[in-house]
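Peer 1: Questions regarding the structure given below will be posed in turn.
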Amino acid sequence: GRCYLLSCVRLFGRATCLAIIAFDELKTDYKNPIDQRNTLDPVVLPEYLIHASFCVMFLCAAEWLTLGLNMPLLAYHIWRYMSRPVMSGPGLYDPTTIMNADILAYCQKEGWCKLAFYLLALFYCLYGMIYVLVSS
Amino acid sequence: MSQPGIPASGGASTGLQAQNGAASASGSPYTNGPVQNALMSSQVSVSQGYNSQLPGSYPHLIPAKTLNPVSGQSNSGGSQTVSPLSNYQRPGQAPYGPPVASHPGTPSLRSGPSPQMPLPTSQNPAATPMPSGSFLPGASVPSPSNWQYNYLSQTNHCPRASSQPTMTGNTNLMSPQYVSSGDSSLQNNFIKSGSALPLANPPLPTTFQPGAPLGPPPTGGPPPVRALAPQKLTPRTVPQPSFNSTSNQEGFWSYKFNGSMFTLFLATSQPTNKNPTMSRSVGYSYPSLPPGYQNTTPPSTTGTGIPLSSLNYPSGPQAFTQTPLGANHLTASMSGLSLHPEGLRVINLLQERNMLPSTPLQPPVPNLHEDIQKLNCNPELFRCTLTSIPQTQALLNKAKLPLGLLLHPFKDLVQLPVVTSSTIVRCRSCRTYINPFVSFLDQRRWKCNLCYRVNDVPEEFMYNPLTRVYGEPHRRPEVQNATIEFMAPSEYMLRPPQPPVYLFVFDVSHNAIETGYLNSVCQSLLDNLDLLPGNTRTKIGFITFDSTIHFYSLQEGLSQPQMLIVSDIEDVFIPMPENLLVNLNESKELVQDLLKTLPQMFTKTLETQSALGPALQAAFKLMSPTGGRMSVFQTQLPTLGVGALKPREEPNQRSSAKEIHLTPSTDFYKKLALDCSGQQVAVDLFLLSGQYSDLASLGCISRYSAGSVYYYPSYHHQHNPVQVQKLQKELQRYLTRKIGFEAVMRIRCTKGLSIHTFHGNFFVRSTDLLSLPNVNPDAGYAVQMSVEESLTDTQLVSFQSALLYTSSKGERRIRVHTLCLPVVSTLNEVFLGADVQAISGLLANMAVDRSVTASLSDARDALVNAVIDSLSAYRSSALSNQQSGLMVPFSLRLFPLFVLALLKQKSFQTGTNARLDERIFAMCQVKNQPLVYLMLTTHPSLYRVDNLSDEGAISINDRTIPQPPILQLSVEKLSRDGAFLMDAGSVLMLWVGRNCGQNFLSQVLGVENYALIPQTMTDLPELDTPESARTIAFISWLREQRPFYPILYVIRDESPMKANFLQNMVEDRTESALSYYEFLLHIQQQVNK
């Protein structure tokens, strides 16, 4: 089960990196908010769903500690998606408000925090995998 | 507000005169009517388009556009279209919003005979070529993300553009027009038109000169040669008819001059040949800084300054850096402090709460050296909440005051220097336009005041067209005017400038016909058809809709307009795209025909549904190849197709601040608006609805496409004459005012400051760039700023807004405003420089955002907290001894009053029956209005007018205008035996007391007694009495100060408008809101905690 985890964590990492890069581009003027929304929005829901499905897997595998570590993020994801602006399609970002400095800063911070979390999770999983390999 | 003797504008006159070229026609540069002198007015009246500069004339009344029947269009159009396609087709660039092609499918085209117009159906020929200036329908229109700035490499187009003959024509002696010759290398050919003498260096205070041993530069007048040359020029000049055609620069105070061609040789020869000598001989006038930066030295004999100049040079750049400036600034700030003891006063508001000045409140003057200040931007155009910028974010946080800018960038100006030159001088790294606040290190280099990069002065900039002297870059108009307009060369275009395109979309459902609005709108359009800003390329089109969408083919050659009905609203298509938007000139008769028949065509309709969403989509498809303005008239909640809405308002919950729907219920309108914005289409919404129409959702269509919203609650052609009149007046202004197409606005600020949030109607495309498909002169913008890096090593900061737009004549223009402000390091100085009106305006904008994202009560709390926090900050840090009472700095003495007024404003009030749509409309207005009008709607001015006298009156053009004092907004100030005029910006209300003197009734109102005052009276009769003359003079003076026409309502005790009048009495207590005194007590309690 750990191997899956590893790959998925990489995937997360990539999604978040994308987000960070995108927001940085936005801030430094390379991109316009609509393009940015178009790159990011399709990734958001898959990321959240994959994360949720892994939580389900942890639950099934009775990995309580890992699950416990991931629960706050899951809750955050749910909250974040519930409180998204009025939108017809899937997605999270509103191109008309994203240039607001507060929101932009928030999104960037969110990106960095998640990147850090996924990195830690990666190491945690590596450790877990090696531990399992060695002990078996 | 324009009054003579405002320090800013009055002081600027010397500076501006010099380059406007007519010392005789001075006057405050920006003020409207009142300050004009007769000479100036008579000069301008012919050539100017919309600006009101004549006291009696409203912009829309001047038929200036018809004076120049657009023959020159081919000229500008021609030369602009030559630019290769690559110029506006960026490969691989996907526009947001799919490229719109004409829809091939024709599912259910039922182009049917309408009752009045039996017309053939198969009129549509195979695709006709698109008119010039528009793209091929399928071509991907580039997203304009780098319209403005990224095209510098394409210098090859530059000469092409500059070869357009520029704007010469009938004489106008006001100021210079720069004509660039065809050859880009020889482009510094500037001709001075005016007869004015060049400005002598302004007198400077004696300051010390640290460091460099400066030779004494001459501060006396320039050599007589310079002064005389321009005058000699004038007789030689011959108006050239061939250029006249292009001379109609609509709307601006445009500067024309004669015979440009004659003098071209002057400049072309000078730079190369005379360079060595020139640079030396002007060396003595060196510190080539704008007057404000000039290190003062005693006036010296000019003549031969060559040895002295050699003294100057070695000292080099250091001598001209910011240091002397700082020194100047410091001395200035000291003198500033001593000059304004009033400003230092601390006021106990509980004791002296009547702080409202009896004359209109003037914005504070930044504490700058007067030479810099007189060059500064007019506060009506560009204003900062803190005229002294705090050095660090920490200091700003400590002051608890919002830092931000309030802009009115496209305001109609009486006087605006327009520069035509092939290279627009800008900083190489931050792209700032050269402005009065840059410093010239030496003659060849200038230092950007925003990023501090040192740039070279281009060769052609060395020639000063005003004095016609080489080597005076600091005297060029770009460096002498904080507000200036450039004619943009082709690097500033991504596509050929679009033609003016106007599309009108009318709701013709049963409900709409019932209101009878179509009559007045069509009539208004008919009346103003010739006044629509535009040229020979102007296009116009009409769409009507109920449950289906009706198009009108107006193709040239038809005998009657032809109606095409599309009933498939699920998948809207355009039946014959090329005949629906037609050239106004070619099809004028058909258009007039249509406007005459349109109101009758639907009188018997029984269709109650409204398919607004599909109609908007159709209109968008129709306009997307060109861009332009879409005016939508809607009278009810849209019920069919995409964008259908459901009623959300619950009347019982109106009064509570919770649970009201301020957010849109669908993102359809927002998305469509963004698509529109991408295709340079702006949507203006006219909502004339009796019932709830969900303006919160509908308004998005205008908000993000940079349009505006107009709302006429309960419009009915018979039952509500007041609204009918309002619609007529506003429509007239709307149709005839200036308009800029495909615009972008960028706001730059000195390194260290950054933009936090924008407020207004637009789409923010990047951190400092606003996309404005249309820009109109009645729109204001606000920007919140933050201090990102400490500004300790600088003493001045600057803000620059640059608005790039296409005028209705098809010219690409850039209007640049630059504001310069001092940086301070102590809290006391921050408070000293606070601009209470700007602060209130910015807070109102922030509060609207807060009400939408959080809740109304949150926003109200935030407003109150803003007062409490800033006053406690003042109390705890700036006041040495802790006194009891509510101590406020003089600059903020009206802060609590204005915030209280905001709390009682329609947007934020509670406890009343304000309809949701009205509240949302008020919020839209807060966001979109320029500060002056926002302040007037929030805190109207009250005057007593039954006893007007000539005491203290001002005199403008032989008219005496009485100046009654402004009264506090309290019923205490009213009395039953008087008459009071309330000026609330867009409306004027004249309340007549029951026991009002017979004199006033008969001499001014022209009625026998009180009971005979008509129920709805909106005009004062012109009687032959001094009282009547005074009152009318006063009211028309108030009206002249704004571009629109505020309607006057005469109110007596039983009038329905009386409630509106009394609602504005913000100092009084209402059922749900505190009185001013109670509010002060509350604040004091919180502050002294």
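Residues are referred to by chain and number: the chain letter is A, B, ... according to the order shown in the structure tokens, the number counts from 1 in that chain, and ligands are numbered separately from 1 in the order shown.
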Could you please tell me, as a ChimeraX atom specification, which residues of chain A have an atom within 6 Å of chain B when using only C-alpha atoms?

Peer 2: /A:29,32,87,100-101

Peer 1: Between A:Tyr118, A:Trp79, A:Pro90, A:Tyr131, which residue has the minimum interatomic distance to A:Leu40, considering only C-alpha atoms?

Peer 2: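 Using only C-alpha atoms, A:Leu40 sits closest to A:Pro90.
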
Peer 1: Counting only C-alpha atoms, which of A:Gln36, A:Gly89, A:Val132, A:Leu120 gets nearest to A:Leu104?

Peer 2: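 The shortest atom-to-atom distance to A:Leu104 comes from A:Gln36.
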
Peer 1: DSSP on the backbone: which residues in stretch 871-1037 of chain B end up as strand (DSSP E)? Give the answer as number ranges by chain.

Peer 2: B: 887-889, 941-944, 954-956, 959-961, 966-967, 979-983, 987-992

Peer 1: If you measure from atom CA of B:Leu407 to atom CA of B:Phe382, what distance in Å do you get, rounded to one decimal?

Peer 2: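 Interatomic distance here is 4.7 Å.
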